[in-house]
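Undergrad: Structure file protein.cif, mmCIF, C-alpha atoms, is pasted below:
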```cif
data_final
#
loop_
_atom_site.label_atom_id
_atom_site.label_comp_id
_atom_site.auth_asym_id
_atom_site.auth_seq_id
_atom_site.Cartn_x
_atom_site.Cartn_y
_atom_site.Cartn_z
CA MET A 29 110.84 101.52 86.65
CA LYS A 30 113.81 101.11 88.96
CA LYS A 31 113.33 102.76 92.35
CA LEU A 32 115.74 105.65 92.85
CA VAL A 33 117.09 105.48 96.40
CA ASN A 34 120.12 107.80 96.39
CA VAL A 35 121.71 110.66 94.47
CA ALA A 36 123.76 108.24 92.38
CA ASP A 37 120.54 106.64 91.13
CA PHE A 38 119.25 110.05 90.05
CA ARG A 39 122.56 110.65 88.30
CA ALA A 40 122.07 107.45 86.30
CA SER A 41 118.48 108.45 85.49
CA ALA A 42 119.62 111.90 84.33
CA LYS A 43 122.33 110.35 82.18
CA ALA A 44 119.79 108.07 80.51
CA ARG A 45 117.42 110.96 79.68
CA LEU A 46 119.94 113.59 78.51
CA PRO A 47 121.91 113.60 75.27
CA ARG A 48 125.60 113.03 75.91
CA MET A 49 126.52 116.64 75.12
CA VAL A 50 124.08 117.95 77.74
CA PHE A 51 124.97 115.38 80.39
CA ASP A 52 128.67 116.11 79.88
CA TYR A 53 127.97 119.80 80.46
CA LEU A 54 126.23 118.93 83.74
CA GLU A 55 128.82 116.42 84.88
CA GLY A 56 132.13 117.60 83.48
CA GLY A 57 135.05 119.20 85.25
CA ALA A 58 138.19 121.03 84.22
CA GLU A 59 141.01 119.34 82.31
CA ASP A 60 141.75 115.85 83.74
CA GLU A 61 138.87 116.20 86.26
CA LEU A 62 141.16 115.46 89.20
CA GLY A 63 139.47 118.15 91.26
CA LEU A 64 136.04 116.81 90.36
CA ARG A 65 136.91 113.43 91.86
CA HIS A 66 138.93 114.86 94.73
CA ASN A 67 135.93 116.84 95.99
CA GLN A 68 134.10 113.59 96.71
CA ASP A 69 137.24 111.79 97.90
CA ALA A 70 137.77 114.47 100.54
CA PHE A 71 134.36 113.79 102.07
CA ARG A 72 134.88 110.02 101.94
CA LYS A 73 138.14 110.36 103.86
CA ILE A 74 136.39 111.94 106.85
CA LYS A 75 135.13 109.36 109.36
CA PHE A 76 132.66 109.62 112.23
CA ALA A 77 133.36 108.95 115.90
CA PRO A 78 129.80 108.24 117.12
CA ARG A 79 128.60 108.94 120.64
CA ARG A 80 126.48 106.27 122.33
CA LEU A 81 123.76 106.20 125.00
CA VAL A 82 122.38 109.51 123.76
CA ASP A 83 118.63 110.09 123.45
CA VAL A 84 118.11 110.46 119.70
CA SER A 85 114.45 109.46 119.66
CA VAL A 86 113.68 112.92 118.25
CA ARG A 87 115.98 114.61 115.74
CA ASN A 88 115.92 118.21 114.57
CA MET A 89 117.53 119.32 111.30
CA GLN A 90 116.40 122.95 111.51
CA VAL A 91 119.21 125.52 111.48
CA ASP A 92 119.64 129.26 111.22
CA ILE A 93 120.85 130.46 107.82
CA LEU A 94 121.79 134.14 107.79
CA GLY A 95 119.30 134.91 110.54
CA LYS A 96 116.38 132.93 109.13
CA ALA A 97 115.13 129.47 110.03
CA ALA A 98 115.66 126.73 107.45
CA SER A 99 114.25 123.20 107.58
CA ALA A 100 117.71 121.71 106.98
CA PRO A 101 121.28 123.02 106.52
CA LEU A 102 120.84 123.12 102.74
CA VAL A 103 120.74 125.75 100.00
CA ILE A 104 120.19 125.06 96.31
CA ALA A 105 123.31 126.48 94.67
CA PRO A 106 123.34 128.87 91.71
CA THR A 107 123.80 126.90 88.48
CA GLY A 108 123.55 128.09 84.89
CA LEU A 109 121.58 126.90 81.86
CA ASN A 110 119.16 124.82 83.92
CA GLY A 111 116.55 125.12 81.20
CA ILE A 112 118.57 122.75 79.08
CA PHE A 113 118.04 119.97 81.65
CA TRP A 114 114.30 120.53 82.07
CA PRO A 115 111.85 123.18 80.80
CA ASP A 116 111.74 126.14 83.21
CA GLY A 117 114.44 124.41 85.25
CA ASP A 118 115.27 127.49 87.35
CA ILE A 119 111.65 127.87 88.40
CA ALA A 120 111.36 124.16 89.21
CA LEU A 121 114.42 124.39 91.47
CA ALA A 122 113.16 127.56 93.16
CA ARG A 123 109.74 126.07 93.87
CA ALA A 124 111.21 122.85 95.25
CA ALA A 125 113.51 124.80 97.56
CA GLY A 126 110.68 126.98 98.79
CA ASN A 127 108.40 124.03 99.44
CA PHE A 128 111.22 122.34 101.33
CA GLY A 129 111.91 125.44 103.43
CA ILE A 130 115.44 126.23 102.24
CA PRO A 131 116.87 129.11 100.15
CA PHE A 132 117.33 128.97 96.39
CA ALA A 133 120.14 130.89 94.67
CA LEU A 134 119.57 132.04 91.08
CA SER A 135 122.55 132.24 88.72
CA THR A 136 123.34 135.22 86.53
CA ALA A 137 123.42 132.64 83.69
CA SER A 138 119.86 131.46 84.34
CA ASN A 139 117.31 130.69 81.65
CA ALA A 140 114.50 132.33 83.63
CA SER A 141 114.86 135.99 84.45
CA ILE A 142 115.40 137.52 87.86
CA GLU A 143 111.80 138.73 87.85
CA GLU A 144 110.26 135.49 86.57
CA VAL A 145 111.87 133.45 89.33
CA ALA A 146 110.90 136.00 91.98
CA ASN A 147 107.28 135.81 90.87
CA ALA A 148 107.23 131.99 90.82
CA ALA A 149 109.31 131.20 93.91
CA THR A 150 107.63 129.95 97.06
CA GLY A 151 110.45 130.72 99.50
CA GLU A 152 113.58 132.75 100.10
CA ILE A 153 115.59 133.63 97.00
CA TRP A 154 119.23 134.66 96.65
CA PHE A 155 120.97 136.05 93.55
CA GLN A 156 124.43 135.08 92.31
CA LEU A 157 126.42 137.66 90.38
CA TYR A 158 128.98 137.14 87.65
CA VAL A 159 130.73 140.40 86.86
CA VAL A 160 130.86 140.34 83.07
CA HIS A 161 130.78 144.13 82.81
CA ARG A 162 130.50 146.68 85.64
CA ARG A 163 127.50 148.49 84.20
CA LEU A 164 125.68 145.24 83.55
CA ALA A 165 126.55 143.99 87.04
CA GLU A 166 124.99 147.12 88.54
CA LEU A 167 121.84 146.65 86.46
CA LEU A 168 121.50 143.03 87.57
CA VAL A 169 122.06 143.87 91.24
CA ARG A 170 119.46 146.63 91.15
CA ARG A 171 116.97 144.29 89.47
CA ALA A 172 117.55 141.62 92.12
CA LEU A 173 117.08 144.20 94.86
CA ALA A 174 113.83 145.47 93.33
CA ALA A 175 112.54 141.90 92.89
CA GLY A 176 112.98 141.01 96.57
CA TYR A 177 116.10 138.84 96.64
CA THR A 178 117.46 138.70 100.18
CA THR A 179 121.10 137.73 99.65
CA LEU A 180 123.66 138.53 96.97
CA ILE A 181 126.44 136.05 96.11
CA LEU A 182 129.51 137.34 94.31
CA THR A 183 131.32 134.53 92.47
CA THR A 184 135.08 135.16 92.36
CA ASP A 185 136.59 132.05 90.77
CA VAL A 186 135.71 132.65 87.11
CA GLY A 187 138.17 135.35 86.08
CA VAL A 188 138.53 133.23 82.95
CA ASN A 189 136.51 130.19 81.94
CA GLY A 190 137.92 126.81 82.96
CA LYS A 191 139.05 124.36 80.29
CA ARG A 192 136.20 121.87 80.27
CA GLU A 193 137.40 119.34 77.76
CA ARG A 194 134.13 117.44 77.50
CA ASP A 195 132.43 120.63 76.30
CA LEU A 196 135.28 121.36 73.89
CA ARG A 197 135.07 117.89 72.34
CA ASN A 198 131.28 118.07 72.10
CA GLY A 199 131.21 121.62 70.78
CA PHE A 200 128.82 122.58 73.58
CA GLY A 201 127.80 126.22 73.72
CA MET A 202 124.86 128.61 73.75
CA PRO A 203 123.20 128.79 71.37
CA MET A 204 123.65 125.08 70.66
CA ARG A 205 125.30 124.18 67.38
CA TYR A 206 123.83 121.22 65.56
CA SER A 207 125.71 118.49 63.70
CA VAL A 208 124.81 115.03 62.46
CA LYS A 209 126.23 113.65 65.70
CA THR A 210 124.17 115.91 67.99
CA ILE A 211 120.98 115.39 65.97
CA LEU A 212 121.42 111.61 66.20
CA ASP A 213 122.03 111.91 69.93
CA GLY A 214 118.80 113.88 70.23
CA VAL A 215 116.89 111.21 68.32
CA LEU A 216 118.21 108.60 70.76
CA HIS A 217 116.90 110.69 73.69
CA PRO A 218 113.32 111.41 72.56
CA ARG A 219 111.94 112.57 75.93
CA TRP A 220 114.52 115.35 76.16
CA SER A 221 114.17 116.26 72.49
CA LEU A 222 110.39 116.49 72.72
CA ASP A 223 110.69 118.90 75.63
CA LEU A 224 113.15 121.02 73.65
CA VAL A 225 110.89 121.11 70.58
CA THR A 226 107.82 121.90 72.71
CA HIS A 227 109.37 124.63 74.84
CA GLY A 228 112.09 125.96 72.54
CA MET A 229 115.81 126.55 73.04
CA PRO A 230 116.49 128.16 76.45
CA GLN A 231 118.00 131.64 76.42
CA LEU A 232 120.14 133.58 78.88
CA ALA A 233 117.14 135.52 80.15
CA ASN A 234 118.98 138.00 82.35
CA PHE A 235 120.98 139.20 79.36
CA ALA A 236 117.91 139.69 77.15
CA SER A 237 117.00 143.01 78.74
CA GLN A 238 115.98 146.34 77.28
CA ASP A 239 118.54 147.88 79.65
CA VAL A 240 121.37 146.16 77.78
CA GLN A 241 121.46 148.14 74.57
CA ASP A 242 124.80 149.92 74.14
CA THR A 243 127.45 148.28 71.97
CA GLU A 244 130.02 147.90 74.75
CA LEU A 245 127.63 145.85 76.87
CA GLN A 246 126.52 143.83 73.86
CA ALA A 247 130.15 143.00 73.04
CA ALA A 248 130.79 141.86 76.61
CA LEU A 249 127.72 139.63 76.53
CA MET A 250 128.57 138.11 73.15
CA SER A 251 132.07 137.15 74.32
CA ARG A 252 130.72 135.87 77.66
CA GLN A 253 134.07 136.60 79.25
CA MET A 254 134.14 137.69 82.89
CA ASP A 255 135.70 140.95 84.02
CA ALA A 256 139.09 139.59 85.07
CA SER A 257 140.09 143.00 86.48
CA PHE A 258 137.51 142.84 89.31
CA ALA A 259 139.62 142.86 92.50
CA TRP A 260 139.60 143.63 96.21
CA ASN A 261 139.17 147.38 95.71
CA ASP A 262 135.97 146.72 93.75
CA LEU A 263 134.36 144.77 96.58
CA LYS A 264 133.60 148.03 98.41
CA TRP A 265 131.66 149.23 95.35
CA LEU A 266 129.50 146.12 95.44
CA ARG A 267 129.08 146.31 99.23
CA ASP A 268 127.84 149.90 98.93
CA LEU A 269 125.47 148.92 96.12
CA TRP A 270 123.83 145.99 97.95
CA PRO A 271 122.13 146.78 101.32
CA HIS A 272 121.32 143.18 102.35
CA LYS A 273 123.40 140.07 103.07
CA LEU A 274 126.47 139.65 100.86
CA LEU A 275 128.35 136.36 100.45
CA ILE A 276 131.62 135.86 98.55
CA LYS A 277 131.81 132.56 96.67
CA GLY A 278 134.87 130.75 95.32
CA ILE A 279 137.08 131.22 98.39
CA SER A 280 139.64 128.52 99.20
CA ARG A 281 142.11 130.32 101.47
CA VAL A 282 141.71 131.43 105.07
CA ASP A 283 143.44 134.75 104.47
CA ASP A 284 141.08 135.53 101.60
CA ALA A 285 138.10 134.66 103.81
CA ARG A 286 139.33 137.03 106.51
CA ARG A 287 139.77 139.84 104.03
CA CYS A 288 136.25 139.35 102.65
CA ILE A 289 134.80 139.86 106.12
CA GLU A 290 137.06 142.83 106.81
CA LEU A 291 135.74 144.48 103.64
CA GLY A 292 132.13 144.06 104.70
CA ALA A 293 130.97 140.67 103.44
CA ASP A 294 128.51 138.84 105.69
CA GLY A 295 129.99 135.40 105.00
CA VAL A 296 131.93 133.29 102.53
CA ILE A 297 131.22 130.23 100.41
CA LEU A 298 134.16 127.85 100.18
CA SER A 299 134.05 126.48 96.65
CA ASN A 300 136.17 125.28 93.76
CA HIS A 301 133.19 125.58 91.40
CA GLY A 302 132.52 121.87 91.61
CA GLY A 303 135.88 121.10 89.99
CA ARG A 304 134.84 123.00 86.84
CA GLN A 305 137.43 125.78 86.91
CA LEU A 306 140.91 124.92 88.23
CA ASP A 307 141.93 121.27 88.15
CA SER A 308 144.05 120.03 91.09
CA ALA A 309 142.52 122.65 93.41
CA ILE A 310 142.03 121.71 97.04
CA ALA A 311 138.58 120.51 98.04
CA PRO A 312 136.65 123.17 99.98
CA VAL A 313 135.99 120.77 102.87
CA GLU A 314 139.75 120.53 103.44
CA VAL A 315 139.93 124.16 104.55
CA LEU A 316 136.49 124.34 106.16
CA GLN A 317 137.34 123.91 109.85
CA GLU A 318 140.27 126.32 109.75
CA THR A 319 138.18 128.95 107.99
CA ALA A 320 135.22 128.57 110.37
CA ARG A 321 137.59 129.01 113.33
CA SER A 322 139.25 132.05 111.79
CA ILE A 323 136.33 134.33 110.94
CA ALA A 324 133.37 135.48 113.01
CA ALA A 325 130.91 135.08 110.17
CA PRO A 326 128.97 132.25 108.51
CA VAL A 327 130.92 129.85 106.32
CA PHE A 328 129.14 127.89 103.61
CA ILE A 329 130.51 125.14 101.40
CA ASP A 330 129.77 123.39 98.12
CA SER A 331 131.49 120.90 95.78
CA GLY A 332 131.35 117.12 96.11
CA ILE A 333 128.25 116.72 98.30
CA ARG A 334 126.30 113.60 97.34
CA ARG A 335 125.08 112.19 100.68
CA GLY A 336 123.33 113.39 103.79
CA SER A 337 126.38 112.15 105.69
CA ASP A 338 128.48 114.64 103.67
CA VAL A 339 126.19 117.40 104.93
CA VAL A 340 126.59 116.23 108.53
CA LYS A 341 130.38 116.17 108.16
CA ALA A 342 130.40 119.71 106.79
CA ILE A 343 128.21 121.07 109.58
CA ALA A 344 130.35 119.30 112.17
CA LEU A 345 133.42 121.04 110.73
CA GLY A 346 131.80 124.46 111.06
CA ALA A 347 129.68 125.09 107.98
CA SER A 348 126.44 127.01 108.46
CA ALA A 349 124.93 125.11 105.52
CA VAL A 350 125.95 123.41 102.28
CA LEU A 351 125.04 124.43 98.75
CA LEU A 352 123.78 121.66 96.47
CA GLY A 353 124.76 121.79 92.81
CA ARG A 354 124.92 118.58 90.80
CA ALA A 355 122.89 116.60 93.36
CA THR A 356 119.70 118.59 92.76
CA LEU A 357 120.45 118.96 89.05
CA TYR A 358 120.41 115.17 88.71
CA GLY A 359 116.90 115.25 90.16
CA LEU A 360 115.89 118.09 87.84
CA ALA A 361 117.28 116.35 84.73
CA SER A 362 115.61 113.09 85.74
CA SER A 363 112.05 114.30 86.36
CA GLY A 364 111.84 118.06 86.84
CA GLU A 365 110.51 119.62 90.03
CA ALA A 366 109.36 116.21 91.28
CA GLY A 367 112.91 114.91 90.92
CA VAL A 368 114.33 117.84 92.87
CA ASN A 369 111.78 117.20 95.61
CA GLU A 370 112.82 113.55 95.75
CA VAL A 371 116.52 114.35 95.95
CA LEU A 372 115.92 116.84 98.76
CA SER A 373 113.78 114.29 100.59
CA LEU A 374 116.46 111.62 100.19
CA LEU A 375 119.14 113.93 101.57
CA ARG A 376 116.90 114.97 104.45
CA SER A 377 116.32 111.31 105.31
CA GLU A 378 120.05 110.59 105.16
CA ILE A 379 120.84 113.59 107.36
CA ASP A 380 118.25 112.42 109.88
CA THR A 381 119.61 108.87 109.89
CA THR A 382 123.20 110.08 110.25
CA LEU A 383 122.30 112.34 113.18
CA ALA A 384 120.75 109.35 114.94
CA GLN A 385 123.69 107.08 114.14
CA VAL A 386 126.34 109.51 115.42
CA GLY A 387 124.40 110.29 118.58
CA CYS A 388 123.46 113.91 117.88
CA PRO A 389 119.78 114.88 118.26
CA SER A 390 120.11 118.26 116.53
CA ALA A 391 122.06 119.56 113.55
CA SER A 392 122.74 122.73 115.53
CA GLN A 393 124.69 120.65 118.08
CA LEU A 394 127.13 119.15 115.58
CA ASN A 395 130.81 119.87 116.18
CA PRO A 396 134.22 118.30 115.35
CA ASP A 397 133.97 115.96 118.34
CA PHE A 398 131.64 113.77 116.25
CA LEU A 399 134.48 113.14 113.78
CA TRP A 400 137.48 110.85 114.17
CA LYS A 401 140.74 112.75 114.29
CA ARG A 402 144.07 111.18 113.33
CA GLY A 403 146.95 113.41 114.35
CA ASP A 404 146.15 116.91 113.12
CA SER A 405 143.74 115.76 110.43
CA PHE A 406 140.25 114.34 110.11
CA ALA A 407 141.30 112.47 106.97
CA THR A 408 142.23 108.83 106.54
CA GLU A 409 143.91 107.30 103.52
CA PRO A 410 142.32 108.38 100.22
CA HIS A 411 139.56 106.31 98.72
CA THR A 412 139.88 105.63 95.00
CA VAL A 413 136.86 106.63 92.93
CA ASP A 414 135.95 105.25 89.52
CA PRO A 415 136.30 108.28 87.17
CA VAL A 416 133.24 107.16 85.21
CA SER A 417 130.97 107.39 88.27
CA ALA A 418 132.54 110.41 89.96
#
```
Please, can you express the file's structure as structure tokens?

TA:
Amino acid sequence: MKKLVNVADFRASAKARLPRMVFDYLEGGAEDELGLRHNQDAFRKIKFAPRRLVDVSVRNMQVDILGKAASAPLVIAPTGLNGIFWPDGDIALARAAGNFGIPFALSTASNASIEEVANAATGEIWFQLYVVHRRLAELLVRRALAAGYTTLILTTDVGVNGKRERDLRNGFGMPMRYSVKTILDGVLHPRWSLDLVTHGMPQLANFASQDVQDTELQAALMSRQMDASFAWNDLKWLRDLWPHKLLIKGISRVDDARRCIELGADGVILSNHGGRQLDSAIAPVEVLQETARSIAAPVFIDSGIRRGSDVVKAIALGASAVLLGRATLYGLASSGEAGVNEVLSLLRSEIDTTLAQVGCPSASQLNPDFLWKRGDSFATEPHTVDPVSA
């Protein structure tokens, strides 16, 4: 078997194991997928300005994340339907994160329940909230609080679902709809199909609750449409409901970041949902430094991170940590928890090597001086990416 030496190799391995419909769900972006490619382009445009004659014989990747020590500036991001990539995918991700010494964030749209993940996790766990219905949101938040989750993430960039054309062409949805084409694709991917037959079709576990019985909540769940009316005035309600750390995800403007902190959030996550919502949106890394300079609170970032050097660039620009989405999902879809462990180890090795190469012995010492600045920007000319491999 070919040795997998970077995230791109795990992507190829995941693509080989998954049926096309499932891989397209993992990989796809909105509309023309310009934002999907731009997220990675934005990182590639940033160049290092290494320091020399610095003692880097010992490197330290440990950082503080919301007041707690983490082995590296990484968090496994909240992602939905992970059970379709690997049986008990949410639990596999949570265990890998805990063993690695970094937080894991569980999605509202998980296939393992809030309580199941809490019982199986080996480290710090966060919960990500989609507001589908206010009453349901309150139920989910109270369950996460009772189960011991330490941080709540409110996702704000899914007022309506993005137009993911791969999913539309494939007819992807939950529950999965079968056709001659999808059955044949399953036959051509026997390892995945055997897992599905053995473990059954994954369900949206957090919505299969005895608490969710009235017809209004059932209608909201069946439509799977977010509450598009949730606005700034509602943030106070959520802040009052949740007594621990609260992060607001989906931010891409400095003024929005400031307002989040003014209304009681403990930090923000710059994100364009991995290019899955609004095509042609700016890449989060493009507004990272300005945001970090403008608010006195932690700033996190996701979208487009495929290398340890991307992580170093983000920390140098002011991020407290990065959230990993597709990168760890490639590992999960390739070989389950073991694959996630390998991806995390690869990224840790790349972060360590990059720290040594740029002349910085500790991730906590990274700052913009380690990056090459041209005029008022850290960017050089764009690098063209093959859409097939983006």

Undergrad: Please provide the set of residues having any atom within 8 Å of Phe38 in chain A, restricted to all atoms listed in the file, with same-chain residues fewer than 6 positions apart removed, written as a PyMOL selection string.

TA: chain A and resi 32+358-359+362+371

Undergrad: Which protein, DNA or RNA residues are at most 12 Å from (138.0, 130.7, 82.1) in the file's coordinates when you count only C-alpha atoms, listed as a ChimeraX atom specification?

TA: /A:58-59,184-192,251-256,301,304-307

Undergrad: Rounded to one decimal in Å, what is the spacing between CA of Gly95 in chain A and CA of Ala174 in chain A?

TA: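 Value for the CA of Gly95 in chain A-CA of Ala174 in chain A distance: 20.9 Å.
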
Undergrad: So, counting all atoms listed in the file, which residue among A:Ile93, A:Met49, A:Ile130, A:Ala149 is closest to Ser207 in chain A?

TA: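 Ranking A:Ile93, A:Met49, A:Ile130, A:Ala149 by distance to Ser207 in chain A, first place goes to A:Met49.
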
Undergrad: Can you work out which one of A:Leu383, A:Ala361, A:Ala366, A:Leu399 has the shortest atom-to-atom distance to Arg45 in chain A, counting only C-alpha atoms?

TA: A:Ala361

Undergrad: How far is it from CA of Trp114 in chain A to CA of Ile181 in chain A, in Å with one decimal?

TA: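 Separating CA of Trp114 in chain A from CA of Ile181 in chain A is a distance of 24.2 Å.
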
Undergrad: Run the PyMOL selection byres ((chain A and resi 193) around 10) against the file shown and list the residues it catches, as a ChimeraX atom specification.

TA: /A:52-53,56-61,190-192,194-199

Undergrad: Give me, please, the distance in Å between CA of Leu316 in chain A and CA of Leu345 in chain A, quoted to one decimal.

TA: 6.4 Å

Undergrad: Given the choices A:Leu62, A:Leu134, A:Arg48, A:Ala98, which gets closest to Ile211 in chain A if the distance is worked out from only C-alpha atoms?

TA: A:Arg48

Undergrad: Have a look at A:Asp294, A:Asp118, A:Glu370, A:Asp330 and name the one nearest to Arg354 in chain A; count all atoms listed in the file.

TA: A:Asp330

Undergrad: Skipping near chain neighbours, those fewer than 5 positions away, what residues fall within 9 Å of Ala125 in chain A using all atoms listed in the file, listed as a VMD selection string?

TA: chain A and resid 103 to 104 120 130 to 132 149 to 152 368 to 369 372

Undergrad: Expanded to explicit residues, what is the PyMOL selection byres ((chain A and resi 337) around 12) for this file, as a PDB file with C-alpha atoms, in the coordinates of the input?

TA:
```pdb
ATOM      1  CA  GLN A  68     134.100 113.590  96.710  1.00  0.00           C
ATOM      2  CA  PHE A  71     134.360 113.790 102.070  1.00  0.00           C
ATOM      3  CA  ARG A  72     134.880 110.020 101.940  1.00  0.00           C
ATOM      4  CA  ILE A  74     136.390 111.940 106.850  1.00  0.00           C
ATOM      5  CA  LYS A  75     135.130 109.360 109.360  1.00  0.00           C
ATOM      6  CA  PHE A  76     132.660 109.620 112.230  1.00  0.00           C
ATOM      7  CA  GLY A 332     131.350 117.120  96.110  1.00  0.00           C
ATOM      8  CA  ILE A 333     128.250 116.720  98.300  1.00  0.00           C
ATOM      9  CA  ARG A 334     126.300 113.600  97.340  1.00  0.00           C
ATOM     10  CA  ARG A 335     125.080 112.190 100.680  1.00  0.00           C
ATOM     11  CA  GLY A 336     123.330 113.390 103.790  1.00  0.00           C
ATOM     12  CA  ASP A 338     128.480 114.640 103.670  1.00  0.00           C
ATOM     13  CA  VAL A 339     126.190 117.400 104.930  1.00  0.00           C
ATOM     14  CA  VAL A 340     126.590 116.230 108.530  1.00  0.00           C
ATOM     15  CA  LYS A 341     130.380 116.170 108.160  1.00  0.00           C
ATOM     16  CA  ALA A 342     130.400 119.710 106.790  1.00  0.00           C
ATOM     17  CA  ILE A 343     128.210 121.070 109.580  1.00  0.00           C
ATOM     18  CA  ALA A 344     130.350 119.300 112.170  1.00  0.00           C
ATOM     19  CA  VAL A 350     125.950 123.410 102.280  1.00  0.00           C
ATOM     20  CA  LEU A 374     116.460 111.620 100.190  1.00  0.00           C
ATOM     21  CA  LEU A 375     119.140 113.930 101.570  1.00  0.00           C
ATOM     22  CA  ARG A 376     116.900 114.970 104.450  1.00  0.00           C
ATOM     23  CA  SER A 377     116.320 111.310 105.310  1.00  0.00           C
ATOM     24  CA  GLU A 378     120.050 110.590 105.160  1.00  0.00           C
ATOM     25  CA  ILE A 379     120.840 113.590 107.360  1.00  0.00           C
ATOM     26  CA  ASP A 380     118.250 112.420 109.880  1.00  0.00           C
ATOM     27  CA  THR A 381     119.610 108.870 109.890  1.00  0.00           C
ATOM     28  CA  THR A 382     123.200 110.080 110.250  1.00  0.00           C
ATOM     29  CA  LEU A 383     122.300 112.340 113.180  1.00  0.00           C
ATOM     30  CA  ALA A 384     120.750 109.350 114.940  1.00  0.00           C
ATOM     31  CA  GLN A 385     123.690 107.080 114.140  1.00  0.00           C
ATOM     32  CA  VAL A 386     126.340 109.510 115.420  1.00  0.00           C
ATOM     33  CA  ALA A 391     122.060 119.560 113.550  1.00  0.00           C
ATOM     34  CA  PHE A 398     131.640 113.770 116.250  1.00  0.00           C
ATOM     35  CA  LEU A 399     134.480 113.140 113.780  1.00  0.00           C
TER      36      LEU A 399
END
```

Undergrad: Decode the PyMOL selection byres ((chain A and resi 274) around 8) for the given file into explicit residues and return them as a list in words.

TA: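 Here the PyMOL selection byres ((chain A and resi 274) around 8) matches Thr179, Leu180, Ile181, Leu182, Arg267, Trp270, His272, Lys273, Leu275, Ile276, Ala293, Asp294 and Gly295 of chain A.
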
Undergrad: Those selected residues, please, written with C-alpha atoms and delivered as an mmCIF file, in the frame of the given file.

TA:
```
data_model
loop_
_atom_site.group_PDB
_atom_site.id
_atom_site.type_symbol
_atom_site.label_atom_id
_atom_site.label_comp_id
_atom_site.auth_asym_id
_atom_site.auth_seq_id
_atom_site.Cartn_x
_atom_site.Cartn_y
_atom_site.Cartn_z
ATOM 1 C CA THR A 179 121.100 137.730 99.650
ATOM 2 C CA LEU A 180 123.660 138.530 96.970
ATOM 3 C CA ILE A 181 126.440 136.050 96.110
ATOM 4 C CA LEU A 182 129.510 137.340 94.310
ATOM 5 C CA ARG A 267 129.080 146.310 99.230
ATOM 6 C CA TRP A 270 123.830 145.990 97.950
ATOM 7 C CA HIS A 272 121.320 143.180 102.350
ATOM 8 C CA LYS A 273 123.400 140.070 103.070
ATOM 9 C CA LEU A 275 128.350 136.360 100.450
ATOM 10 C CA ILE A 276 131.620 135.860 98.550
ATOM 11 C CA ALA A 293 130.970 140.670 103.440
ATOM 12 C CA ASP A 294 128.510 138.840 105.690
ATOM 13 C CA GLY A 295 129.990 135.400 105.000
#
```

Undergrad: When you count all atoms listed in the file, which of these residues is closest to Asn300 in chain A: A:Pro326, A:Gly201, A:Gly364, A:Pro312?

TA: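 Among A:Pro326, A:Gly201, A:Gly364, A:Pro312, it is A:Pro312 that comes nearest to Asn300 in chain A.
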
Undergrad: Counting all atoms listed in the file, what is within 12 Å of Gln317 in chain A, bar same-chain residues fewer than 4 positions away, as a PDB file with C-alpha atoms, keeping the file's coordinate frame?

TA:
```
ATOM      1  CA  SER A 280     139.640 128.520  99.200  1.00  0.00           C
ATOM      2  CA  ARG A 281     142.110 130.320 101.470  1.00  0.00           C
ATOM      3  CA  VAL A 282     141.710 131.430 105.070  1.00  0.00           C
ATOM      4  CA  LEU A 298     134.160 127.850 100.180  1.00  0.00           C
ATOM      5  CA  PRO A 312     136.650 123.170  99.980  1.00  0.00           C
ATOM      6  CA  VAL A 313     135.990 120.770 102.870  1.00  0.00           C
ATOM      7  CA  ARG A 321     137.590 129.010 113.330  1.00  0.00           C
ATOM      8  CA  SER A 322     139.250 132.050 111.790  1.00  0.00           C
ATOM      9  CA  ILE A 323     136.330 134.330 110.940  1.00  0.00           C
ATOM     10  CA  PRO A 326     128.970 132.250 108.510  1.00  0.00           C
ATOM     11  CA  VAL A 327     130.920 129.850 106.320  1.00  0.00           C
ATOM     12  CA  PHE A 328     129.140 127.890 103.610  1.00  0.00           C
ATOM     13  CA  ILE A 329     130.510 125.140 101.400  1.00  0.00           C
ATOM     14  CA  LYS A 341     130.380 116.170 108.160  1.00  0.00           C
ATOM     15  CA  ALA A 342     130.400 119.710 106.790  1.00  0.00           C
ATOM     16  CA  ILE A 343     128.210 121.070 109.580  1.00  0.00           C
ATOM     17  CA  ALA A 344     130.350 119.300 112.170  1.00  0.00           C
ATOM     18  CA  LEU A 345     133.420 121.040 110.730  1.00  0.00           C
ATOM     19  CA  GLY A 346     131.800 124.460 111.060  1.00  0.00           C
ATOM     20  CA  ALA A 347     129.680 125.090 107.980  1.00  0.00           C
ATOM     21  CA  SER A 348     126.440 127.010 108.460  1.00  0.00           C
ATOM     22  CA  ASN A 395     130.810 119.870 116.180  1.00  0.00           C
ATOM     23  CA  PRO A 396     134.220 118.300 115.350  1.00  0.00           C
ATOM     24  CA  LEU A 399     134.480 113.140 113.780  1.00  0.00           C
ATOM     25  CA  ASP A 404     146.150 116.910 113.120  1.00  0.00           C
ATOM     26  CA  SER A 405     143.740 115.760 110.430  1.00  0.00           C
ATOM     27  CA  PHE A 406     140.250 114.340 110.110  1.00  0.00           C
TER      28      PHE A 406
END
```

Undergrad: Ranking A:Gly108, A:Pro101, A:Gly63, A:Gly126 by minimum distance to Glu365 in chain A and counting all atoms listed in the file, which one comes first?

TA: A:Gly126

Undergrad: Set the distance at 8 Å and use all atoms listed in the file: which residues neighbour Gly353 in chain A once local chain neighbours fewer than 5 positions away are removed? I'd like the list as a PyMOL selection string.

TA: chain A and resi 104-107+302+330-331

Undergrad: Draw an axis-aligned box over all listed atoms of range 365-372 of chain A, pad each side with 4 Å, and write its centre and edge lengths in Å, one decimal, as AutoDock Vina command-line options.

TA:
```
--center_x 112.9 --center_y 116.6 --center_z 94.4 --size_x 15.2 --size_y 14.1 --size_z 16.7
```
